[in-house]
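To be precise, the following lines are start32.pdb, and they hold PDB, C-alpha atoms and all ligand atoms.
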```pdb
ATOM      1  CA  MET F   1      -4.340  23.427  15.576
ATOM      2  CA  SER F   2      -2.262  26.293  14.200
ATOM      3  CA  ASP F   3      -3.761  29.696  13.429
ATOM      4  CA  GLY F   4      -3.184  29.007   9.744
ATOM      5  CA  LEU F   5      -5.162  25.800   9.874
ATOM      6  CA  ARG F   6      -7.928  27.398  11.862
ATOM      7  CA  ARG F   7      -8.114  30.111   9.226
ATOM      8  CA  ASP F   8      -8.191  27.496   6.462
ATOM      9  CA  ARG F   9     -11.070  25.738   8.147
ATOM     10  CA  ARG F  10     -12.981  28.995   8.644
ATOM     11  CA  ASP F  11     -12.425  29.847   4.995
ATOM     12  CA  ILE F  12     -13.799  26.519   3.906
ATOM     13  CA  GLU F  13     -16.817  26.734   6.188
ATOM     14  CA  GLN F  14     -17.477  30.212   4.867
ATOM     15  CA  ARG F  15     -17.163  28.935   1.346
ATOM     16  CA  ILE F  16     -19.635  26.142   1.963
ATOM     17  CA  ASP F  17     -22.055  28.608   3.540
ATOM     18  CA  ASP F  18     -21.740  31.068   0.661
ATOM     19  CA  ALA F  19     -22.211  28.376  -1.925
ATOM     20  CA  ALA F  20     -25.244  26.945  -0.180
ATOM     21  CA  ARG F  21     -26.791  30.390   0.177
ATOM     22  CA  ALA F  22     -26.288  31.080  -3.488
ATOM     23  CA  ALA F  23     -28.228  27.826  -3.972
ATOM     24  CA  SER F  24     -26.989  27.635  -7.482
ATOM     25  CA  ALA F  25     -27.579  24.287  -9.107
ATOM     26  CA  PRO F  26     -24.370  22.304  -9.451
ATOM     27  CA  ALA F  27     -22.947  22.189 -12.921
ATOM     28  CA  PRO F  28     -24.205  19.120 -14.742
ATOM     29  CA  ALA F  29     -21.614  16.378 -14.966
ATOM     30  CA  GLY F  30     -19.778  16.474 -18.249
ATOM     31  CA  ASP F  31     -19.444  13.424 -20.381
ATOM     32  CA  THR F  32     -15.873  12.320 -19.907
ATOM     33  CA  PRO F  33     -15.632   9.114 -21.909
ATOM     34  CA  ASP F  34     -12.754   7.638 -19.962
ATOM     35  CA  ALA F  35     -13.986   8.469 -16.444
ATOM     36  CA  ILE F  36     -13.272   5.574 -14.093
ATOM     37  CA  LEU F  37     -16.096   6.571 -11.777
ATOM     38  CA  ARG F  38     -19.302   8.274 -12.761
ATOM     39  CA  LEU F  39     -22.214   9.062 -10.432
ATOM     40  CA  VAL F  40     -25.350  10.195 -12.213
ATOM     41  CA  GLY F  41     -28.161  11.706 -10.154
ATOM     42  CA  VAL F  42     -27.301   9.573  -7.155
ATOM     43  CA  SER F  43     -29.655   9.855  -4.183
ATOM     44  CA  ARG F  44     -29.851   7.872  -1.000
ATOM     45  CA  VAL F  45     -32.716   8.018   1.462
ATOM     46  CA  TYR F  46     -32.571   6.141   4.755
ATOM     47  CA  GLY F  47     -35.637   5.006   6.698
ATOM     48  CA  SER F  48     -39.270   5.491   5.803
ATOM     49  CA  GLY F  49     -42.315   7.581   6.736
ATOM     50  CA  GLU F  50     -41.518  10.486   9.016
ATOM     51  CA  GLN F  51     -38.154   8.995   9.873
ATOM     52  CA  THR F  52     -36.574   9.488   6.469
ATOM     53  CA  VAL F  53     -33.135  11.006   6.168
ATOM     54  CA  THR F  54     -31.942  12.151   2.770
ATOM     55  CA  ALA F  55     -28.220  11.435   2.916
ATOM     56  CA  LEU F  56     -27.584  12.179  -0.767
ATOM     57  CA  ALA F  57     -29.777  14.193  -3.113
ATOM     58  CA  GLY F  58     -28.992  13.994  -6.820
ATOM     59  CA  VAL F  59     -25.212  13.934  -6.862
ATOM     60  CA  ASP F  60     -23.399  14.023 -10.223
ATOM     61  CA  LEU F  61     -19.687  13.353 -10.114
ATOM     62  CA  GLU F  62     -16.989  12.042 -12.430
ATOM     63  CA  VAL F  63     -13.434  11.010 -11.620
ATOM     64  CA  SER F  64     -10.946  10.356 -14.400
ATOM     65  CA  PRO F  65      -7.699   8.389 -14.428
ATOM     66  CA  GLY F  66      -4.953  10.379 -12.771
ATOM     67  CA  GLU F  67      -7.433  12.488 -10.858
ATOM     68  CA  LEU F  68      -7.713  12.745  -7.081
ATOM     69  CA  VAL F  69     -10.926  14.355  -5.860
ATOM     70  CA  ALA F  70     -11.339  15.452  -2.245
ATOM     71  CA  ILE F  71     -14.791  15.395  -0.667
ATOM     72  CA  MET F  72     -15.362  17.895   2.118
ATOM     73  CA  GLY F  73     -18.378  18.917   4.118
ATOM     74  CA  ALA F  74     -19.760  19.007   7.645
ATOM     75  CA  SER F  75     -20.455  15.871   9.648
ATOM     76  CA  GLY F  76     -23.613  14.224   8.325
ATOM     77  CA  SER F  77     -23.374  15.889   4.902
ATOM     78  CA  GLY F  78     -23.231  12.504   3.146
ATOM     79  CA  LYS F  79     -19.513  11.956   2.501
ATOM     80  CA  SER F  80     -19.292   8.366   3.732
ATOM     81  CA  THR F  81     -22.587   7.519   2.067
ATOM     82  CA  LEU F  82     -21.222   8.811  -1.223
ATOM     83  CA  LEU F  83     -18.069   6.725  -0.881
ATOM     84  CA  SER F  84     -19.841   3.503   0.013
ATOM     85  CA  ILE F  85     -22.273   3.921  -2.886
ATOM     86  CA  ALA F  86     -19.386   4.652  -5.261
ATOM     87  CA  GLY F  87     -17.798   1.388  -4.126
ATOM     88  CA  GLY F  88     -20.987  -0.638  -4.413
ATOM     89  CA  LEU F  89     -21.156  -1.331  -0.685
ATOM     90  CA  GLN F  90     -24.697  -0.015  -0.734
ATOM     91  CA  GLU F  91     -27.148   0.799  -3.480
ATOM     92  CA  PRO F  92     -28.447   4.262  -4.282
ATOM     93  CA  THR F  93     -32.170   4.894  -3.854
ATOM     94  CA  ALA F  94     -32.086   6.630  -7.227
ATOM     95  CA  GLY F  95     -29.503   7.303  -9.892
ATOM     96  CA  GLU F  96     -26.699   5.199 -11.295
ATOM     97  CA  VAL F  97     -23.090   4.409 -10.464
ATOM     98  CA  ILE F  98     -20.804   3.533 -13.366
ATOM     99  CA  VAL F  99     -17.342   2.087 -12.684
ATOM    100  CA  GLU F 100     -15.016   1.593 -15.643
ATOM    101  CA  GLY F 101     -17.977   1.862 -17.971
ATOM    102  CA  ARG F 102     -20.141  -0.693 -16.181
ATOM    103  CA  ALA F 103     -23.367   0.259 -14.414
ATOM    104  CA  LEU F 104     -23.243  -1.324 -10.970
ATOM    105  CA  SER F 105     -26.993  -1.973 -11.063
ATOM    106  CA  SER F 106     -26.442  -4.291 -14.027
ATOM    107  CA  LEU F 107     -23.998  -6.561 -12.186
ATOM    108  CA  ASP F 108     -25.037  -9.715 -10.367
ATOM    109  CA  ALA F 109     -23.586 -10.500  -6.947
ATOM    110  CA  ARG F 110     -20.679 -12.491  -8.323
ATOM    111  CA  GLU F 111     -19.690  -9.813 -10.861
ATOM    112  CA  MET F 112     -20.017  -7.185  -8.166
ATOM    113  CA  ALA F 113     -17.744  -9.069  -5.770
ATOM    114  CA  ARG F 114     -15.225  -9.520  -8.549
ATOM    115  CA  LEU F 115     -15.270  -5.842  -9.496
ATOM    116  CA  ARG F 116     -14.798  -4.907  -5.852
ATOM    117  CA  ARG F 117     -11.766  -7.173  -5.524
ATOM    118  CA  ARG F 118     -10.245  -6.300  -8.898
ATOM    119  CA  SER F 119     -10.917  -2.642  -9.459
ATOM    120  CA  LEU F 120     -11.666  -1.075  -6.091
ATOM    121  CA  GLY F 121      -9.481  -0.294  -3.145
ATOM    122  CA  PHE F 122     -11.032   0.906   0.088
ATOM    123  CA  VAL F 123      -9.239   2.627   2.923
ATOM    124  CA  PHE F 124     -11.396   3.139   5.979
ATOM    125  CA  GLN F 125     -10.694   5.267   8.985
ATOM    126  CA  ASP F 126     -10.520   2.201  11.229
ATOM    127  CA  PHE F 127      -8.201   0.242   8.890
ATOM    128  CA  ASN F 128     -10.336  -2.951   8.812
ATOM    129  CA  LEU F 129      -7.338  -5.257   8.946
ATOM    130  CA  ILE F 130      -7.816  -8.894   9.911
ATOM    131  CA  PRO F 131      -6.078  -9.276  13.284
ATOM    132  CA  THR F 132      -5.273 -12.976  12.940
ATOM    133  CA  LEU F 133      -3.377 -12.424   9.679
ATOM    134  CA  THR F 134       0.087 -10.897   9.360
ATOM    135  CA  ALA F 135       0.717  -7.707   7.393
ATOM    136  CA  ILE F 136       1.612  -9.578   4.233
ATOM    137  CA  GLU F 137      -1.290 -12.007   4.600
ATOM    138  CA  ASN F 138      -3.700  -9.075   4.908
ATOM    139  CA  VAL F 139      -2.404  -7.607   1.661
ATOM    140  CA  THR F 140      -2.289 -10.973  -0.111
ATOM    141  CA  LEU F 141      -5.805 -12.038   0.809
ATOM    142  CA  PRO F 142      -7.796 -10.082  -1.803
ATOM    143  CA  LEU F 143      -5.392 -11.230  -4.522
ATOM    144  CA  GLU F 144      -5.721 -14.872  -3.582
ATOM    145  CA  LEU F 145      -9.498 -14.530  -3.351
ATOM    146  CA  ASP F 146      -9.327 -13.307  -6.892
ATOM    147  CA  GLY F 147      -7.431 -16.361  -8.057
ATOM    148  CA  ASP F 148      -3.888 -15.010  -8.315
ATOM    149  CA  ALA F 149      -1.490 -17.841  -7.582
ATOM    150  CA  ALA F 150      -0.183 -17.704  -4.029
ATOM    151  CA  ARG F 151       3.417 -17.033  -5.009
ATOM    152  CA  GLU F 152       2.544 -14.213  -7.410
ATOM    153  CA  ALA F 153       0.125 -12.728  -4.864
ATOM    154  CA  ARG F 154       2.876 -12.762  -2.266
ATOM    155  CA  ARG F 155       5.308 -11.086  -4.629
ATOM    156  CA  MET F 156       2.841  -8.293  -5.408
ATOM    157  CA  ALA F 157       2.086  -7.852  -1.707
ATOM    158  CA  GLN F 158       5.797  -7.621  -0.906
ATOM    159  CA  VAL F 159       6.239  -4.872  -3.464
ATOM    160  CA  ALA F 160       3.236  -2.974  -2.112
ATOM    161  CA  LEU F 161       4.389  -3.244   1.520
ATOM    162  CA  ASP F 162       7.919  -2.168   0.613
ATOM    163  CA  ALA F 163       6.478   0.792  -1.252
ATOM    164  CA  VAL F 164       4.719   1.988   1.896
ATOM    165  CA  GLY F 165       7.931   1.612   3.906
ATOM    166  CA  LEU F 166       7.010  -1.548   5.793
ATOM    167  CA  ASP F 167       9.937  -3.622   4.515
ATOM    168  CA  GLU F 168      10.713  -4.976   7.946
ATOM    169  CA  LYS F 169       7.173  -5.662   9.067
ATOM    170  CA  HIS F 170       5.818  -8.148   6.571
ATOM    171  CA  ASP F 171       5.311 -10.840   9.188
ATOM    172  CA  ALA F 172       4.036  -8.655  12.025
ATOM    173  CA  TYR F 173       0.438  -8.831  13.233
ATOM    174  CA  PRO F 174      -1.652  -5.639  13.133
ATOM    175  CA  ASP F 175      -1.950  -5.475  16.936
ATOM    176  CA  ASP F 176       1.832  -5.292  17.226
ATOM    177  CA  LEU F 177       2.021  -2.283  14.902
ATOM    178  CA  SER F 178       1.342   1.415  15.380
ATOM    179  CA  GLY F 179      -1.770   3.078  13.975
ATOM    180  CA  GLY F 180       0.290   4.620  11.189
ATOM    181  CA  GLN F 181       1.813   1.282  10.255
ATOM    182  CA  GLN F 182      -1.618  -0.355  10.226
ATOM    183  CA  GLN F 183      -2.950   2.382   8.000
ATOM    184  CA  ARG F 184      -0.047   1.856   5.620
ATOM    185  CA  ILE F 185      -0.957  -1.841   5.389
ATOM    186  CA  ALA F 186      -4.504  -0.767   4.546
ATOM    187  CA  ILE F 187      -3.168   1.501   1.797
ATOM    188  CA  ALA F 188      -0.970  -1.285   0.412
ATOM    189  CA  ARG F 189      -3.998  -3.584   0.362
ATOM    190  CA  ALA F 190      -6.066  -0.926  -1.415
ATOM    191  CA  VAL F 191      -3.575  -0.369  -4.223
ATOM    192  CA  VAL F 192      -2.091  -3.841  -4.680
ATOM    193  CA  GLY F 193      -2.707  -5.485  -8.029
ATOM    194  CA  GLY F 194      -3.239  -2.198  -9.854
ATOM    195  CA  ARG F 195      -6.710  -1.325  -8.601
ATOM    196  CA  ARG F 196      -8.056   1.586 -10.592
ATOM    197  CA  LEU F 197     -10.480   3.259  -8.200
ATOM    198  CA  ILE F 198      -9.297   4.065  -4.695
ATOM    199  CA  LEU F 199     -11.837   5.222  -2.134
ATOM    200  CA  ALA F 200     -10.427   6.604   1.103
ATOM    201  CA  ASP F 201     -12.617   7.770   3.989
ATOM    202  CA  GLU F 202     -10.532   9.995   6.256
ATOM    203  CA  PRO F 203      -7.527   7.713   5.913
ATOM    204  CA  THR F 204      -5.405  10.036   8.017
ATOM    205  CA  GLY F 205      -7.922  10.513  10.818
ATOM    206  CA  ALA F 206      -6.038   8.485  13.407
ATOM    207  CA  LEU F 207      -2.530   9.434  12.326
ATOM    208  CA  ASP F 208       0.041  11.998  13.375
ATOM    209  CA  SER F 209       0.727  14.654  10.764
ATOM    210  CA  VAL F 210       3.986  13.150   9.449
ATOM    211  CA  THR F 211       2.456   9.701   8.922
ATOM    212  CA  GLY F 212      -0.699  11.285   7.540
ATOM    213  CA  GLU F 213       1.349  13.095   4.905
ATOM    214  CA  ALA F 214       3.098   9.845   3.979
ATOM    215  CA  VAL F 215      -0.252   8.111   3.495
ATOM    216  CA  LEU F 216      -1.480  10.939   1.278
ATOM    217  CA  ARG F 217       1.703  10.881  -0.737
ATOM    218  CA  MET F 218       1.155   7.173  -1.455
ATOM    219  CA  LEU F 219      -2.392   7.816  -2.518
ATOM    220  CA  ARG F 220      -1.232  10.658  -4.754
ATOM    221  CA  THR F 221       1.476   8.473  -6.297
ATOM    222  CA  ARG F 222      -0.956   5.698  -7.139
ATOM    223  CA  VAL F 223      -3.321   8.224  -8.703
ATOM    224  CA  ASP F 224      -0.477   9.760 -10.706
ATOM    225  CA  GLU F 225       0.179   6.260 -12.048
ATOM    226  CA  GLY F 226      -3.332   6.208 -13.510
ATOM    227  CA  ALA F 227      -5.824   5.328 -10.790
ATOM    228  CA  ALA F 228      -8.786   7.519  -9.883
ATOM    229  CA  GLY F 229      -9.085   8.552  -6.233
ATOM    230  CA  LEU F 230     -11.796   9.849  -3.934
ATOM    231  CA  LEU F 231     -10.577  11.176  -0.607
ATOM    232  CA  VAL F 232     -12.898  12.211   2.217
ATOM    233  CA  THR F 233     -11.161  14.617   4.531
ATOM    234  CA  HIS F 234     -11.883  17.343   7.057
ATOM    235  CA  GLU F 235      -8.468  18.887   6.699
ATOM    236  CA  ALA F 236      -7.792  21.673   4.260
ATOM    237  CA  ARG F 237      -4.118  20.826   3.972
ATOM    238  CA  HIS F 238      -4.989  17.239   3.052
ATOM    239  CA  ALA F 239      -7.524  18.353   0.480
ATOM    240  CA  ALA F 240      -4.728  20.393  -1.065
ATOM    241  CA  TRP F 241      -3.265  17.113  -2.381
ATOM    242  CA  ALA F 242      -6.323  16.732  -4.595
ATOM    243  CA  ASP F 243      -6.866  18.046  -8.112
ATOM    244  CA  ARG F 244     -10.382  19.077  -7.235
ATOM    245  CA  ILE F 245     -12.414  19.590  -4.084
ATOM    246  CA  VAL F 246     -16.119  18.803  -4.011
ATOM    247  CA  PHE F 247     -18.083  20.340  -1.151
ATOM    248  CA  LEU F 248     -21.174  18.544   0.112
ATOM    249  CA  ARG F 249     -23.928  20.042   2.154
ATOM    250  CA  ASP F 250     -27.048  18.123   3.174
ATOM    251  CA  GLY F 251     -26.324  15.534   0.522
ATOM    252  CA  ARG F 252     -25.862  17.992  -2.329
ATOM    253  CA  VAL F 253     -22.781  19.180  -4.153
ATOM    254  CA  VAL F 254     -22.714  22.885  -3.332
ATOM    255  CA  ASP F 255     -19.368  23.871  -4.771
ATOM    256  CA  GLU F 256     -16.347  22.573  -6.611
ATOM    257  CA  SER F 257     -12.882  24.023  -6.680
ATOM    258  CA  ARG F 258     -10.248  23.133  -9.186
ATOM    259  CA  ARG F 259      -6.695  23.038  -8.005
ATOM    260  CA  GLU F 260      -5.893  26.604  -9.054
ATOM    261  CA  SER F 261      -8.595  28.006  -6.841
ATOM    262  CA  ALA F 262      -7.961  25.388  -4.184
ATOM    263  CA  ASP F 263      -4.350  26.544  -4.026
ATOM    264  CA  THR F 264      -5.430  30.108  -3.550
ATOM    265  CA  LEU F 265      -7.863  29.017  -0.898
ATOM    266  CA  LEU F 266      -5.668  26.595   0.968
ATOM    267  CA  GLY F 267      -2.162  27.755   0.335
ATOM    268  CA  PRO F 268       0.621  25.521  -0.960
ATOM    269  CA  ALA F 269       0.756  22.331   1.096
ATOM    270  CA  ARG F 270       2.783  20.109  -1.148
TER     271      ARG F 270
HETATM  272  N1  LIG S   1     -27.472   3.408   8.003
HETATM  273  C1  LIG S   1     -28.043   4.596   8.185
HETATM  274  N2  LIG S   1     -29.332   4.686   8.606
HETATM  275  C2  LIG S   1     -29.942   5.878   8.759
HETATM  276  N3  LIG S   1     -29.341   7.065   8.547
HETATM  277  C3  LIG S   1     -28.060   7.047   8.147
HETATM  278  C4  LIG S   1     -27.346   5.824   7.940
HETATM  279  N4  LIG S   1     -26.088   6.126   7.524
HETATM  280  C5  LIG S   1     -26.013   7.470   7.476
HETATM  281  N5  LIG S   1     -27.187   8.019   7.842
HETATM  282  C6  LIG S   1     -27.503   9.472   7.870
HETATM  283  O1  LIG S   1     -27.198   9.998   6.587
HETATM  284  C7  LIG S   1     -26.595  11.285   6.709
HETATM  285  C8  LIG S   1     -25.219  11.258   6.031
HETATM  286  O2  LIG S   1     -24.362  10.381   6.746
HETATM  287  P1  LIG S   1     -22.844  10.139   6.355
HETATM  288  O3  LIG S   1     -22.316   9.073   7.239
HETATM  289  O4  LIG S   1     -22.767   9.918   4.902
HETATM  290  O5  LIG S   1     -22.195  11.545   6.717
HETATM  291  P2  LIG S   1     -20.662  12.024   6.698
HETATM  292  O6  LIG S   1     -20.608  13.239   5.865
HETATM  293  O7  LIG S   1     -19.793  10.889   6.353
HETATM  294  O8  LIG S   1     -20.425  12.442   8.224
HETATM  295  P3  LIG S   1     -19.087  12.331   9.141
HETATM  296  O9  LIG S   1     -18.202  13.475   8.750
HETATM  297  O10 LIG S   1     -19.618  12.500  10.536
HETATM  298  O11 LIG S   1     -18.462  10.993   8.921
HETATM  299  C9  LIG S   1     -26.545  11.583   8.203
HETATM  300  O12 LIG S   1     -27.677  12.352   8.515
HETATM  301  C10 LIG S   1     -26.629  10.222   8.835
HETATM  302  O13 LIG S   1     -27.221  10.309  10.105
HETATM  303 MG    MG S   2     -18.302   9.800   7.386
END
```
As structure tokens, how would this structure be written, given the file I've shared?
Amino acid sequence: MSDGLRRDRRDIEQRIDDAARAASAPAPAGDTPDAILRLVGVSRVYGSGEQTVTALAGVDLEVSPGELVAIMGASGSGKSTLLSIAGGLQEPTAGEVIVEGRALSSLDAREMARLRRRSLGFVFQDFNLIPTLTAIENVTLPLELDGDAAREARRMAQVALDAVGLDEKHDAYPDDLSGGQQQRIAIARAVVGGRRLILADEPTGALDSVTGEAVLRMLRTRVDEGAAGLLVTHEARHAAWADRIVFLRDGRVVDESRRESADTLLGPAR
């Protein structure tokens, strides 16, 4: 890690510490009518009795179209929990998640599955590709599950794979590709079909810095086209791609920086 990066990380840790010490209540979420994602007082407690862990404690957060929000915080601060609750992969213990105006708690299992396929794109650190399917089949699968005709699904998948620079690898299997190429398939799968909310949990974790930048650029492009994005990252220079950085500590939002202040904090990275 370069001195600059080390300094960035120290700055951020200091910032989180300062904000937590100030213990100021986070600003209440505004009421942005067109927010694609809205978390209202979201809490998540694991376990019971003396074993309980409070992973999230009353988080308010809104993400609008065209907005990329980075989530930062120490290991165990609740970042992955926040992402999986935002995507309906698990339910909050308290509070409400609203995606494109619909409260997730009001959806039945079928509606939920449909929303996940239609509106949400997930990118996980470990890619989650299906090894027995080729690159293009991995990208096509969610479209076909959603009833898009096979030929149209294939066309959309081709466009998405070309856009992430995998023109020549449509028919390759994940195991025959590099980590960066696999992650680009995962990104293509997350954005294909115009999904409006993209949730990425350390999508660059396993990648070299050049490939990591390329993955972030794709995410940024999709968001600039009108999607809303949530990006969990440990790296200051990756967070600098976001419009806003939300800092979590012990399951609470302790600070938020808009891009102006983030730029001052992190330096120009883009
Ligand atoms: N299924 C679970 N059962 C019990 N506790 C859990 C579970 N999942 C997460 N936790 C706890 O909730 C807290 C938040 O976990 P989470 O995975 O959201 O953290 P994180 O910020 O993503 O950390 P990291 O940076 O290490 O990925 C941690 O204390 C963790 O141990
Ligand atoms: Mg995590």
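Taking only C-alpha atoms and all ligand atoms into account, ligand LIG 1 (chain S) lies nearest to F:Arg44 out of the set F:Arg184, F:Arg155, F:Arg44, F:Arg102.
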List every residue of region 102-174 of chain F that has an atom at most 12 Å from any atom of region 210-217 of chain F, and for each one report the closest atom pair and its distance in Å to one decimal, counting only C-alpha atoms, with rows sorted by chain and then by increasing residue number, as JSON lines.
```
{"residue": "F:Val123", "atom": "CA", "partner": "F:Val215", "partner_atom": "CA", "distance": 10.5}
{"residue": "F:Gln125", "atom": "CA", "partner": "F:Gly212", "partner_atom": "CA", "distance": 11.8}
{"residue": "F:Ala163", "atom": "CA", "partner": "F:Ala214", "partner_atom": "CA", "distance": 11.0}
{"residue": "F:Val164", "atom": "CA", "partner": "F:Val215", "partner_atom": "CA", "distance": 8.0}
{"residue": "F:Gly165", "atom": "CA", "partner": "F:Ala214", "partner_atom": "CA", "distance": 9.5}
```
query: How would you write, as an MDAnalysis selection string, the set of residues no farther than 7 Å from ligand MG 2 (chain S) when counting all atoms listed in the file?
result: chainID F and resid 75:76 79:80 201
- line: Nearest to Ala227 (chain F), restricted to all atoms listed in the file and choosing among F:Glu62, F:Glu67, F:Glu50, F:Glu168, comes out as F:Glu67
What does the list of residues within 8 Å of ligand LIG 1 (chain S) look like if you count all atoms listed in the file, written as a tab-separated table (two decimals) with C-alpha atoms, in the coordinates of the input?
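Once everything was written out, this is part-v3.tsv:
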```tsv
chain	number	residue	atom	x	y	z
F	45	VAL	CA	-32.72	8.02	1.46
F	46	TYR	CA	-32.57	6.14	4.76
F	47	GLY	CA	-35.64	5.01	6.70
F	52	THR	CA	-36.57	9.49	6.47
F	53	VAL	CA	-33.14	11.01	6.17
F	54	THR	CA	-31.94	12.15	2.77
F	55	ALA	CA	-28.22	11.44	2.92
F	56	LEU	CA	-27.58	12.18	-0.77
F	72	MET	CA	-15.36	17.90	2.12
F	73	GLY	CA	-18.38	18.92	4.12
F	74	ALA	CA	-19.76	19.01	7.64
F	75	SER	CA	-20.45	15.87	9.65
F	76	GLY	CA	-23.61	14.22	8.32
F	77	SER	CA	-23.37	15.89	4.90
F	78	GLY	CA	-23.23	12.50	3.15
F	79	LYS	CA	-19.51	11.96	2.50
F	80	SER	CA	-19.29	8.37	3.73
F	81	THR	CA	-22.59	7.52	2.07
F	82	LEU	CA	-21.22	8.81	-1.22
F	234	HIS	CA	-11.88	17.34	7.06
F	248	LEU	CA	-21.17	18.54	0.11
F	250	ASP	CA	-27.05	18.12	3.17
F	251	GLY	CA	-26.32	15.53	0.52
```
message: What's the separation between CA of Gly66 (chain F) and CA of Ala113 (chain F), in Å to one decimal place?
response: 24.3 Å
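Residues matching the PyMOL selection byres (((chain F and resi 245) around 8) and not hetatm) in this structure come to F:Val69, F:Ala70, F:Ile71, F:Met72, F:Ala239, F:Ala242, F:Asp243, F:Arg244, F:Val246, F:Phe247, F:Glu256, F:Ser257, F:Arg258, F:Arg259, F:Ala262.
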query: What is the distance between CA of Val139 (chain F) and CA of Ala160 (chain F), in Å to one decimal?
result: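 So the two atoms, CA of Val139 (chain F) and CA of Ala160 (chain F), lie 8.2 Å apart.
Proximity to Gly88 (chain F) was assessed for F:Gly180, F:Gly226, F:Gly121, F:Gly193 counting only C-alpha atoms; the smallest distance is recorded for F:Gly121.
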- prompt: Could you work out how far CA of Leu104 (chain F) lies from CA of Val63 (chain F), giving the answer in Å with one decimal?
  reply: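 Straight-line distance from CA of Val63 (chain F) to CA of Leu104 (chain F) works out to 15.8 Å.
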- prompt: Which residues match the PyMOL selection byres (((chain F and resi 140) around 9) and not hetatm) in the file above, as a list in words?
  reply: Ala135, Ile136, Glu137, Asn138, Val139, Leu141, Pro142, Leu143, Glu144, Leu145, Ala150, Ala153, Arg154, Arg155, Met156, Ala157, Gln158, Arg189 and Val192 of chain F
Residue list as a PyMOL selection string for point (-25.6, 13.6, -9.0), cut-off 6 Å, only C-alpha atoms: chain F and resi 39-42+58-60
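The residues caught by the PyMOL selection byres (((chain F and resi 174) around 9) and not hetatm) in this file are F:Leu129, F:Ile130, F:Pro131, F:Thr132, F:Leu133, F:Thr134, F:Ala135, F:Ala172, F:Tyr173, F:Asp175, F:Asp176, F:Leu177, F:Ser178, F:Gly179, F:Gln181, F:Gln182, F:Ile185.
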Would you write out those residues with C-alpha atoms, as a PDB file, in the coordinates of the input?
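So result25.pdb came out as:
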```pdb
ATOM      1  CA  LEU F 129      -7.338  -5.257   8.946  1.00  0.00           C
ATOM      2  CA  ILE F 130      -7.816  -8.894   9.911  1.00  0.00           C
ATOM      3  CA  PRO F 131      -6.078  -9.276  13.284  1.00  0.00           C
ATOM      4  CA  THR F 132      -5.273 -12.976  12.940  1.00  0.00           C
ATOM      5  CA  LEU F 133      -3.377 -12.424   9.679  1.00  0.00           C
ATOM      6  CA  THR F 134       0.087 -10.897   9.360  1.00  0.00           C
ATOM      7  CA  ALA F 135       0.717  -7.707   7.393  1.00  0.00           C
ATOM      8  CA  ALA F 172       4.036  -8.655  12.025  1.00  0.00           C
ATOM      9  CA  TYR F 173       0.438  -8.831  13.233  1.00  0.00           C
ATOM     10  CA  ASP F 175      -1.950  -5.475  16.936  1.00  0.00           C
ATOM     11  CA  ASP F 176       1.832  -5.292  17.226  1.00  0.00           C
ATOM     12  CA  LEU F 177       2.021  -2.283  14.902  1.00  0.00           C
ATOM     13  CA  SER F 178       1.342   1.415  15.380  1.00  0.00           C
ATOM     14  CA  GLY F 179      -1.770   3.078  13.975  1.00  0.00           C
ATOM     15  CA  GLN F 181       1.813   1.282  10.255  1.00  0.00           C
ATOM     16  CA  GLN F 182      -1.618  -0.355  10.226  1.00  0.00           C
ATOM     17  CA  ILE F 185      -0.957  -1.841   5.389  1.00  0.00           C
TER      18      ILE F 185
END
```
Residue with smallest distance to Ser119 (chain F) - pool F:Gly194, F:Gly49, F:Gly147, F:Pro92, counting all atoms listed in the file: F:Gly194
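Across F:Asp167, F:Asp255, F:Glu235, F:Glu96, the tightest approach to Ser209 (chain F) is made by F:Glu235 when counting only C-alpha atoms.
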- prompt: Counting all atoms listed in the file, which of F:Leu230, F:Met218, F:Ser106, F:Ala236 gets nearest to Leu61 (chain F)?
  reply: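 With all atoms listed in the file as the atom set, the closest residue is F:Leu230.
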message: Within 7 Å of (-13.8, 7.2, 11.4) in the file's own coordinates, which protein, DNA or RNA residues have an atom, counting only C-alpha atoms? List them as a VMD selection string.
response: chain F and resid 125 to 126 202 205
If I only have part of region 92-98 of chain F, can you fill in N, CA and C atoms and write it as an mmCIF file, keeping the file's coordinate frame?
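Output contents, as saved in selection_32.cif:
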```
data_model
loop_
_atom_site.group_PDB
_atom_site.id
_atom_site.type_symbol
_atom_site.label_atom_id
_atom_site.label_comp_id
_atom_site.auth_asym_id
_atom_site.auth_seq_id
_atom_site.Cartn_x
_atom_site.Cartn_y
_atom_site.Cartn_z
ATOM 1 N N PRO F 92 -27.748 2.980 -4.363
ATOM 2 C CA PRO F 92 -28.447 4.262 -4.282
ATOM 3 C C PRO F 92 -29.960 4.032 -4.324
ATOM 4 N N THR F 93 -30.713 4.960 -3.746
ATOM 5 C CA THR F 93 -32.170 4.894 -3.854
ATOM 6 C C THR F 93 -32.593 5.300 -5.264
ATOM 7 N N ALA F 94 -31.832 6.219 -5.840
ATOM 8 C CA ALA F 94 -32.086 6.630 -7.227
ATOM 9 C C ALA F 94 -30.760 6.985 -7.863
ATOM 10 N N GLY F 95 -30.726 6.948 -9.182
ATOM 11 C CA GLY F 95 -29.503 7.303 -9.892
ATOM 12 C C GLY F 95 -28.670 6.072 -10.204
ATOM 13 N N GLU F 96 -27.518 6.314 -10.812
ATOM 14 C CA GLU F 96 -26.699 5.199 -11.295
ATOM 15 C C GLU F 96 -25.228 5.445 -10.988
ATOM 16 N N VAL F 97 -24.531 4.365 -10.684
ATOM 17 C CA VAL F 97 -23.090 4.409 -10.464
ATOM 18 C C VAL F 97 -22.432 3.599 -11.567
ATOM 19 N N ILE F 98 -21.478 4.214 -12.253
ATOM 20 C CA ILE F 98 -20.804 3.533 -13.366
ATOM 21 C C ILE F 98 -19.309 3.482 -13.054
#
```
